[in-house]
$ cat upload.txt   # compact mmCIF, C-alpha atoms
# COMPACT_ATOMS: atom_id res chain seq x y z
CA MET A 1 -78.66 86.12 75.38
CA THR A 2 -76.14 88.52 73.85
CA SER A 3 -75.23 88.01 70.20
CA ASP A 4 -71.59 87.53 71.24
CA ARG A 5 -72.48 84.52 73.28
CA LEU A 6 -74.55 83.27 70.38
CA SER A 7 -71.52 83.75 68.12
CA THR A 8 -69.39 81.64 70.44
CA THR A 9 -72.00 78.90 70.43
CA PHE A 10 -72.33 78.97 66.66
CA ALA A 11 -68.58 79.05 66.13
CA ALA A 12 -68.33 75.93 68.26
CA LEU A 13 -71.12 74.29 66.25
CA ALA A 14 -69.62 75.21 62.89
CA ASP A 15 -67.42 72.12 62.86
CA PRO A 16 -68.73 68.65 61.89
CA THR A 17 -66.48 66.83 64.37
CA ARG A 18 -67.74 68.95 67.24
CA ARG A 19 -71.33 68.39 66.18
CA ALA A 20 -70.68 64.65 66.09
CA ILE A 21 -69.22 64.84 69.59
CA LEU A 22 -72.33 66.64 70.83
CA ALA A 23 -74.60 64.13 69.10
CA ARG A 24 -72.72 61.33 70.87
CA LEU A 25 -73.10 63.06 74.23
CA ILE A 26 -76.89 63.21 73.85
CA SER A 27 -76.92 59.50 74.70
CA GLY A 28 -74.87 60.00 77.84
CA GLU A 29 -71.53 61.05 79.27
CA ALA A 30 -68.32 59.77 77.72
CA SER A 31 -64.58 59.90 78.25
CA VAL A 32 -62.17 61.60 75.86
CA THR A 33 -60.97 58.19 74.68
CA GLN A 34 -64.54 57.09 73.94
CA LEU A 35 -65.24 60.32 72.10
CA ALA A 36 -62.08 60.00 70.02
CA GLU A 37 -62.92 56.45 68.91
CA PRO A 38 -65.09 57.17 65.83
CA PHE A 39 -62.63 59.71 64.46
CA ARG A 40 -59.24 59.01 63.03
CA MET A 41 -57.81 61.72 65.15
CA SER A 42 -55.15 62.12 67.78
CA MET A 43 -56.17 62.62 71.40
CA PRO A 44 -54.71 66.16 71.49
CA ALA A 45 -56.84 67.05 68.43
CA VAL A 46 -59.97 65.76 70.16
CA SER A 47 -59.00 67.60 73.34
CA LYS A 48 -58.78 70.79 71.32
CA HIS A 49 -62.34 70.32 70.06
CA LEU A 50 -63.52 69.60 73.58
CA LYS A 51 -61.94 72.81 74.81
CA VAL A 52 -63.85 74.81 72.19
CA LEU A 53 -67.09 73.12 73.22
CA GLU A 54 -66.34 73.69 76.88
CA ARG A 55 -65.61 77.40 76.33
CA ALA A 56 -68.92 77.72 74.50
CA GLY A 57 -70.61 76.14 77.52
CA LEU A 58 -71.90 73.28 75.37
CA ILE A 59 -70.22 70.60 77.44
CA ALA A 60 -69.16 70.25 81.03
CA ARG A 61 -66.33 68.06 82.27
CA SER A 62 -66.47 66.50 85.63
CA ARG A 63 -63.50 67.27 87.84
CA GLU A 64 -64.23 64.49 90.31
CA ALA A 65 -63.57 61.33 88.38
CA GLN A 66 -60.05 60.73 87.15
CA TRP A 67 -61.24 60.05 83.59
CA ARG A 68 -63.08 63.38 83.57
CA PRO A 69 -66.20 62.37 81.62
CA CYS A 70 -67.77 64.93 79.28
CA GLN A 71 -71.43 65.81 79.58
CA LEU A 72 -73.67 67.67 77.23
CA ASN A 73 -74.88 71.01 78.48
CA ALA A 74 -77.91 71.69 76.33
CA GLY A 75 -78.63 75.22 77.53
CA PRO A 76 -76.87 77.04 74.68
CA LEU A 77 -78.31 74.55 72.17
CA LYS A 78 -81.77 75.42 73.31
CA GLU A 79 -80.97 79.04 72.68
CA VAL A 80 -79.76 78.19 69.19
CA ALA A 81 -83.00 76.37 68.48
CA ASP A 82 -84.88 79.41 69.74
CA TRP A 83 -82.89 81.58 67.41
CA ALA A 84 -83.75 79.26 64.53
CA GLU A 85 -87.40 79.83 65.37
CA HIS A 86 -86.78 83.56 65.27
CA TYR A 87 -88.11 83.97 61.75
CA ARG A 88 -91.26 82.02 62.33
CA LYS A 89 -92.02 84.06 65.42
CA PHE A 90 -91.20 87.25 63.58
CA PHE A 91 -93.73 86.58 60.85
CA GLU A 92 -96.37 84.97 63.07
CA GLN A 93 -96.40 88.08 65.24
CA SER A 94 -96.26 90.38 62.23
CA PHE A 95 -99.24 88.53 60.75
CA ASP A 96 -101.16 88.91 63.98
CA ARG A 97 -100.58 92.62 63.78
CA LEU A 98 -101.52 92.68 60.09
CA GLU A 99 -104.75 90.91 60.97
CA ASN A 100 -105.58 93.54 63.57
CA TYR A 101 -104.65 96.31 61.18
CA LEU A 102 -106.90 94.94 58.43
CA ARG A 103 -109.75 94.44 60.90
CA GLY A 104 -109.39 98.07 61.95
CA LEU A 105 -109.58 99.14 58.31
CA LYS A 106 -112.71 97.07 57.76
CA GLU A 107 -114.45 98.57 60.79
CA LYS A 108 -113.58 102.08 59.65
CA GLU A 109 -114.88 101.29 56.20
CA SER A 110 -118.16 99.81 57.39
CA LYS A 111 -118.70 102.83 59.67
CA ALA A 112 -118.09 105.14 56.73
CA LYS A 113 -120.49 103.04 54.65
CA ASP A 114 -123.16 103.23 57.36
CA LEU A 115 -122.78 106.97 57.49
CA THR A 116 -123.19 107.42 53.74
CA GLN A 117 -126.08 104.98 53.74
CA ARG A 118 -127.86 106.92 56.46
CA LYS A 119 -127.20 110.17 54.61
CA GLU A 120 -128.67 108.73 51.45
CA GLN A 121 -131.71 107.38 53.28
CA ARG A 122 -132.35 110.82 54.77
CA LYS A 123 -131.97 112.40 51.37
CA ALA A 124 -134.39 109.91 49.84
CA ARG A 125 -136.93 110.50 52.63
CA ARG A 126 -136.69 114.26 52.19
CA SER A 127 -137.17 114.16 48.44
CA ALA A 128 -140.10 111.75 48.87
CA GLU A 129 -141.74 114.19 51.30
CA GLU A 130 -141.10 117.08 48.98
CA ASN A 131 -142.71 115.15 46.16
CA LYS A 132 -145.74 114.44 48.35
CA HIS A 133 -146.05 118.13 49.21
CA ALA A 134 -145.67 119.04 45.57
CA GLY A 135 -148.42 116.52 44.78
CA THR A 136 -150.90 117.92 47.37
CA LYS A 137 -150.14 121.48 46.20
CA ALA A 138 -150.79 120.49 42.62
CA LYS A 139 -154.18 118.98 43.61
CA LYS A 140 -155.25 122.25 45.17
CA MET B 1 -71.70 55.32 67.21
CA PRO B 2 -71.40 55.14 63.44
CA GLU B 3 -68.47 56.81 61.78
CA GLN B 4 -69.22 60.38 60.93
CA LYS B 5 -68.64 61.66 57.44
CA GLN B 6 -66.04 64.36 57.61
CA LYS B 7 -67.52 66.72 55.08
CA ASN B 8 -66.19 70.22 55.04
CA ASN B 9 -69.29 72.01 53.84
CA VAL B 10 -69.57 74.72 56.47
CA GLY B 11 -70.10 77.36 53.78
CA GLU B 12 -73.31 75.72 52.68
CA TYR B 13 -74.93 75.64 56.06
CA GLY B 14 -78.29 77.24 56.20
CA VAL B 15 -78.36 78.19 52.52
CA GLY B 16 -81.43 76.64 50.98
CA ARG B 17 -83.23 76.44 54.30
CA VAL B 18 -86.87 77.21 53.65
CA LEU B 19 -89.59 78.41 55.96
CA GLU B 20 -93.20 78.56 54.82
CA ILE B 21 -96.05 80.29 56.57
CA THR B 22 -99.63 80.60 55.35
CA ARG B 23 -102.30 82.80 56.86
CA VAL B 24 -105.85 83.71 55.82
CA PHE B 25 -106.90 87.32 56.31
CA ASP B 26 -110.50 88.47 56.40
CA ALA B 27 -109.96 91.21 53.82
CA PRO B 28 -109.97 91.52 50.03
CA ARG B 29 -106.74 90.89 48.20
CA LYS B 30 -106.34 94.47 47.05
CA GLY B 31 -106.28 95.67 50.65
CA VAL B 32 -103.86 93.01 51.86
CA PHE B 33 -101.54 93.68 48.96
CA ALA B 34 -101.62 97.39 49.78
CA ALA B 35 -100.75 96.61 53.40
CA TRP B 36 -97.60 94.91 52.11
CA THR B 37 -96.57 97.52 49.58
CA ASP B 38 -97.61 100.90 51.01
CA PRO B 39 -94.80 101.96 53.40
CA LYS B 40 -97.24 103.78 55.69
CA GLN B 41 -99.32 100.64 56.04
CA LEU B 42 -96.43 98.18 56.31
CA ALA B 43 -94.97 100.25 59.15
CA GLN B 44 -98.23 99.65 61.06
CA TRP B 45 -97.73 95.91 61.38
CA TRP B 46 -94.18 94.88 60.43
CA GLY B 47 -92.21 93.23 63.21
CA PRO B 48 -92.94 91.41 66.44
CA THR B 49 -95.35 92.62 69.08
CA GLY B 50 -94.19 95.83 70.71
CA PHE B 51 -91.85 96.79 67.87
CA THR B 52 -92.18 100.00 65.88
CA THR B 53 -90.92 100.88 62.42
CA PRO B 54 -89.41 104.39 62.45
CA VAL B 55 -87.93 103.99 58.95
CA CYS B 56 -89.87 102.31 56.15
CA GLU B 57 -88.89 103.04 52.57
CA LEU B 58 -90.28 100.80 49.85
CA ASP B 59 -89.58 101.38 46.18
CA VAL B 60 -92.05 98.79 45.00
CA ARG B 61 -90.90 97.83 41.50
CA PRO B 62 -88.43 95.24 40.22
CA GLY B 63 -84.97 96.40 41.27
CA GLY B 64 -86.45 98.88 43.76
CA ALA B 65 -84.83 99.21 47.17
CA ILE B 66 -86.19 98.44 50.62
CA LEU B 67 -84.97 100.02 53.84
CA ILE B 68 -86.63 99.20 57.13
CA HIS B 69 -85.50 100.08 60.63
CA MET B 70 -87.25 98.14 63.34
CA ARG B 71 -87.16 99.47 66.84
CA ALA B 72 -87.38 96.99 69.70
CA PRO B 73 -89.21 97.91 72.91
CA ASP B 74 -85.77 98.38 74.55
CA GLY B 75 -84.85 100.96 71.90
CA THR B 76 -82.48 98.78 69.86
CA ILE B 77 -82.71 99.48 66.15
CA TYR B 78 -82.62 96.52 63.75
CA PRO B 79 -81.90 97.72 60.22
CA MET B 80 -82.76 95.66 57.17
CA SER B 81 -82.21 96.38 53.50
CA GLY B 82 -83.57 94.58 50.47
CA VAL B 83 -84.44 94.66 46.80
CA TYR B 84 -87.68 93.82 45.00
CA LYS B 85 -87.21 91.05 42.45
CA GLU B 86 -90.79 90.70 41.25
CA VAL B 87 -93.87 92.86 41.73
CA VAL B 88 -97.16 91.61 40.28
CA PRO B 89 -100.05 93.52 41.88
CA PRO B 90 -102.07 92.24 43.58
CA GLU B 91 -100.83 88.67 43.25
CA ARG B 92 -97.22 88.34 44.12
CA ILE B 93 -94.11 90.04 45.43
CA VAL B 94 -90.61 88.62 45.63
CA PHE B 95 -87.97 90.52 47.54
CA THR B 96 -84.67 89.98 49.24
CA ALA B 97 -84.27 90.86 52.91
CA THR B 98 -80.84 91.44 54.33
CA PRO B 99 -80.53 92.02 58.07
CA LEU B 100 -77.60 94.33 58.76
CA ASP B 101 -75.28 94.18 61.74
CA LYS B 102 -74.45 97.21 63.87
CA ASP B 103 -71.80 98.31 61.33
CA GLY B 104 -74.29 98.16 58.48
CA LYS B 105 -72.79 94.97 57.06
CA ALA B 106 -75.02 92.24 55.63
CA MET B 107 -75.35 89.25 57.93
CA PHE B 108 -77.17 87.09 55.41
CA GLU B 109 -79.77 87.31 52.72
CA ASN B 110 -83.23 85.83 52.58
CA LEU B 111 -85.42 85.59 49.53
CA ASN B 112 -89.05 86.19 50.44
CA THR B 113 -91.87 85.17 48.12
CA VAL B 114 -95.34 86.40 49.05
CA ILE B 115 -98.33 85.08 47.12
CA PHE B 116 -101.81 86.55 47.57
CA THR B 117 -104.93 84.63 46.56
CA GLU B 118 -108.54 85.67 47.19
CA ARG B 119 -111.56 83.51 47.84
CA ASP B 120 -114.96 84.65 49.13
CA GLY B 121 -113.56 88.03 50.07
CA LYS B 122 -110.78 86.46 52.15
CA THR B 123 -107.13 86.55 51.22
CA THR B 124 -104.64 83.76 51.71
CA VAL B 125 -101.07 84.94 52.08
CA MET B 126 -98.41 82.34 51.41
CA LEU B 127 -94.97 83.38 52.54
CA ARG B 128 -91.85 81.48 51.67
CA VAL B 129 -88.53 82.51 53.19
CA GLU B 130 -85.35 81.00 51.80
CA VAL B 131 -81.83 81.66 53.01
CA VAL B 132 -79.97 82.39 49.76
CA LYS B 133 -76.70 83.90 50.84
CA SER B 134 -74.55 83.84 53.90
CA SER B 135 -71.59 86.09 54.43
CA ALA B 136 -68.52 85.01 56.36
CA ALA B 137 -70.02 86.62 59.44
CA ALA B 138 -73.28 84.76 59.05
CA GLU B 139 -71.73 81.42 58.29
CA GLN B 140 -71.38 80.60 61.92
CA TYR B 141 -74.91 81.72 62.64
CA LEU B 142 -76.30 79.65 59.81
CA ALA B 143 -74.19 76.63 60.70
CA GLY B 144 -75.73 76.82 64.12
CA MET B 145 -79.17 77.18 62.65
CA GLU B 146 -78.75 73.99 60.71
CA MET B 147 -77.41 72.25 63.77
CA GLY B 148 -80.56 73.28 65.56
CA TRP B 149 -82.78 71.88 62.85
CA LYS B 150 -80.86 68.73 62.11
CA MET B 151 -80.73 67.45 65.62
CA SER B 152 -83.99 66.05 66.73
CA LEU B 153 -85.48 68.98 68.54
CA ASP B 154 -87.86 66.77 70.45
CA ARG B 155 -85.00 64.78 71.80
CA LEU B 156 -83.10 67.89 72.59
CA GLU B 157 -86.04 69.48 74.31
CA ALA B 158 -86.68 66.37 76.32
CA PHE B 159 -83.09 66.56 77.38
CA VAL B 160 -83.30 70.24 78.23
CA GLY B 161 -86.46 69.56 80.18
CA LYS B 162 -84.57 67.14 82.41
CA ASN B 163 -81.95 69.72 83.33
$ encode --input "upload.txt" --output "structure tokens"
Amino acid sequence: MTSDRLSTTFAALADPTRRAILARLISGEASVTQLAEPFRMSMPAVSKHLKVLERAGLIARSREAQWRPCQLNAGPLKEVADWAEHYRKFFEQSFDRLENYLRGLKEKESKAKDLTQRKEQRKARRSAEENKHAGTKAKK
Amino acid sequence: MPEQKQKNNVGEYGVGRVLEITRVFDAPRKGVFAAWTDPKQLAQWWGPTGFTTPVCELDVRPGGAILIHMRAPDGTIYPMSGVYKEVVPPERIVFTATPLDKDGKAMFENLNTVIFTERDGKTTVMLRVEVVKSSAAAEQYLAGMEMGWKMSLDRLEAFVGKN
């Protein structure tokens, strides 16, 4: 979804009356008169809100019936919800990557540790052997 | 349908919204803290899968600036600026994050608090993101965000599923 389309959706949602209209439409289609009922608002004012919602693709109006019922079109709303989840996804995925990164560091470190350990063991063995030799020489 | 309250509080939408994420990492705290504060290390993991971080400048001290450019797999650059508010190594960092639009203007501002605690060689990172500011441009975005959260998502998803 382009951000422009998202802007249109959000602009349509930025009004409490329009959100109330959408909430009403979740429970089923309704006529303009029915939608206007809870608001102390003229029919033309409600029609204006409906036009904004229609342009944003949030509602559809049937052309068949004479009373042209409005229906919720939840597609753009789903996209809004997805966008709201954007941050969570952002950090969840970042944290996955951080986990991998830290694991990589740990492996590198333990390899380096192994290497130094082996070096030290060799050194210790060598000096022990040298001591032994020194000991046998001294006996002679 | 009950009468709706006609409150005109669009400007407040989204501000105060909090997101909290906790994750345990199998690494000592010092290392995890460094991964958050060393720009070379942060650039290795910041952003979603497949993203890269071509610009990562972190002036890690109170008042210090942050500039991060994220590059999406399709090549789009997402710039973000910010400022460190608190830096307490290796326990805590607080910084603002401000995603910028394509003209470099702030869309909104988040306050991020990251708390690091260590136990048995493992580090718990607690991240708290709070929307603290919304510009005129972001108002619509944030209003929509709140709409998304306020409506029962389950109900909405059930509805979407039917379509």
$ residues_around --input "upload.txt" --residues "segment 42-45 of chain B" --least-positions-apart "3" --cutoff "8 Å" --atoms "all atoms listed in the file" --output "PyMOL selection string"
(chain A and resi 94-95+97-98+101) or (chain B and resi 35-39+52-56)
$ closest_residue --input "upload.txt" --among "B:Arg119, B:Asp74, B:Lys40, B:Thr49" --to "chain A" --atoms "all atoms listed in the file"
B:Thr49
$ atom_distance --input "upload.txt" --atom1 "atom CA of Glu92 of chain A" --atom2 "atom CA of Pro90 of chain B"
21.6 Å
$ residues_around --input "upload.txt" --residues "Phe25 of chain B" --least-positions-apart "5" --cutoff "9 Å" --atoms "only C-alpha atoms" --output "PyMOL selection string"
(chain A and resi 95+98-99+102-103) or (chain B and resi 32+122-125)
$ closest_atom_pairs --input "upload.txt" --of "chain A" --to "chain B" --cutoff "6 Å" --atoms "all atoms listed in the file" --output "tab-separated table"
residue	atom	partner	partner_atom	distance
A:Phe10	CA	B:Gly144	CA	4.8
A:Ala11	CA	B:Gln140	CA	5.3
A:Leu13	CA	B:Gly144	CA	5.7
A:Ala14	CA	B:Ala143	CA	5.3
A:Pro38	CA	B:Glu3	CA	5.3
A:Ala74	CA	B:Val160	CA	5.9
A:Ala81	CA	B:Gly148	CA	4.9
A:Ala84	CA	B:Met145	CA	5.4
A:Phe90	CA	B:Pro48	CA	5.3
A:Gln93	CA	B:Pro48	CA	4.9
A:Ser94	CA	B:Gly47	CA	5.0
A:Arg97	CA	B:Trp45	CA	5.0
A:Leu98	CA	B:Trp45	CA	5.1
$ atom_distance --input "upload.txt" --atom1 "atom CA of Ser110 of chain A" --atom2 "atom CA of Lys30 of chain B"
16.6 Å
$ closest_residue --input "upload.txt" --among "A:Arg68, A:Arg63, A:Arg125, A:Arg18" --to "Leu50 of chain A" --atoms "all atoms listed in the file"
A:Arg18
$ atom_distance --input "upload.txt" --atom1 "atom CA of Phe108 of chain B" --atom2 "atom CA of Gly75 of chain B"
22.9 Å
$ closest_residue --input "upload.txt" --among "B:Ala65, B:Val88, B:Ile77, B:Val83" --to "Asp103 of chain B" --atoms "all atoms listed in the file"
B:Ile77
$ closest_residue --input "upload.txt" --among "A:Glu109, A:Lys123, A:Asn73, A:Arg24" --to "Arg61 of chain A" --atoms "all atoms listed in the file"
A:Asn73
$ build_atoms --input "upload.txt" --residues "segment 50-66 of chain A" --atoms "N, CA and C atoms" --output "PDB file, in the frame of the given file"
ATOM      1  N   LEU A  50     -62.783  69.597  72.320  1.00  0.00           N
ATOM      2  CA  LEU A  50     -63.520  69.600  73.580  1.00  0.00           C
ATOM      3  C   LEU A  50     -63.367  70.944  74.290  1.00  0.00           C
ATOM      4  N   LYS A  51     -62.180  71.509  74.174  1.00  0.00           N
ATOM      5  CA  LYS A  51     -61.940  72.810  74.810  1.00  0.00           C
ATOM      6  C   LYS A  51     -62.852  73.876  74.198  1.00  0.00           C
ATOM      7  N   VAL A  52     -62.972  73.839  72.876  1.00  0.00           N
ATOM      8  CA  VAL A  52     -63.850  74.810  72.190  1.00  0.00           C
ATOM      9  C   VAL A  52     -65.294  74.649  72.679  1.00  0.00           C
ATOM     10  N   LEU A  53     -65.713  73.394  72.780  1.00  0.00           N
ATOM     11  CA  LEU A  53     -67.090  73.120  73.220  1.00  0.00           C
ATOM     12  C   LEU A  53     -67.288  73.548  74.682  1.00  0.00           C
ATOM     13  N   GLU A  54     -66.258  73.353  75.458  1.00  0.00           N
ATOM     14  CA  GLU A  54     -66.340  73.690  76.880  1.00  0.00           C
ATOM     15  C   GLU A  54     -66.430  75.219  77.044  1.00  0.00           C
ATOM     16  N   ARG A  55     -65.592  75.926  76.272  1.00  0.00           N
ATOM     17  CA  ARG A  55     -65.610  77.400  76.330  1.00  0.00           C
ATOM     18  C   ARG A  55     -66.981  77.943  75.937  1.00  0.00           C
ATOM     19  N   ALA A  56     -67.605  77.277  74.963  1.00  0.00           N
ATOM     20  CA  ALA A  56     -68.920  77.720  74.500  1.00  0.00           C
ATOM     21  C   ALA A  56     -70.025  77.300  75.476  1.00  0.00           C
ATOM     22  N   GLY A  57     -69.628  76.567  76.513  1.00  0.00           N
ATOM     23  CA  GLY A  57     -70.610  76.140  77.520  1.00  0.00           C
ATOM     24  C   GLY A  57     -71.492  75.007  77.026  1.00  0.00           C
ATOM     25  N   LEU A  58     -71.076  74.350  75.930  1.00  0.00           N
ATOM     26  CA  LEU A  58     -71.900  73.280  75.370  1.00  0.00           C
ATOM     27  C   LEU A  58     -71.648  71.937  76.056  1.00  0.00           C
ATOM     28  N   ILE A  59     -70.471  71.809  76.660  1.00  0.00           N
ATOM     29  CA  ILE A  59     -70.220  70.600  77.440  1.00  0.00           C
ATOM     30  C   ILE A  59     -69.628  70.988  78.803  1.00  0.00           C
ATOM     31  N   ALA A  60     -69.776  70.075  79.725  1.00  0.00           N
ATOM     32  CA  ALA A  60     -69.160  70.250  81.030  1.00  0.00           C
ATOM     33  C   ALA A  60     -68.302  69.020  81.287  1.00  0.00           C
ATOM     34  N   ARG A  61     -67.189  69.214  81.965  1.00  0.00           N
ATOM     35  CA  ARG A  61     -66.330  68.060  82.270  1.00  0.00           C
ATOM     36  C   ARG A  61     -66.187  67.932  83.775  1.00  0.00           C
ATOM     37  N   SER A  62     -66.507  66.744  84.195  1.00  0.00           N
ATOM     38  CA  SER A  62     -66.470  66.500  85.630  1.00  0.00           C
ATOM     39  C   SER A  62     -65.024  66.564  86.137  1.00  0.00           C
ATOM     40  N   ARG A  63     -64.843  67.175  87.290  1.00  0.00           N
ATOM     41  CA  ARG A  63     -63.500  67.270  87.840  1.00  0.00           C
ATOM     42  C   ARG A  63     -63.257  66.184  88.895  1.00  0.00           C
ATOM     43  N   GLU A  64     -64.350  65.486  89.230  1.00  0.00           N
ATOM     44  CA  GLU A  64     -64.230  64.490  90.310  1.00  0.00           C
ATOM     45  C   GLU A  64     -63.553  63.216  89.826  1.00  0.00           C
ATOM     46  N   ALA A  65     -64.131  62.602  88.830  1.00  0.00           N
ATOM     47  CA  ALA A  65     -63.570  61.330  88.380  1.00  0.00           C
ATOM     48  C   ALA A  65     -62.265  61.569  87.648  1.00  0.00           C
ATOM     49  N   GLN A  66     -61.374  60.588  87.758  1.00  0.00           N
ATOM     50  CA  GLN A  66     -60.050  60.730  87.150  1.00  0.00           C
ATOM     51  C   GLN A  66     -60.143  60.804  85.626  1.00  0.00           C
TER      52      GLN A  66
END
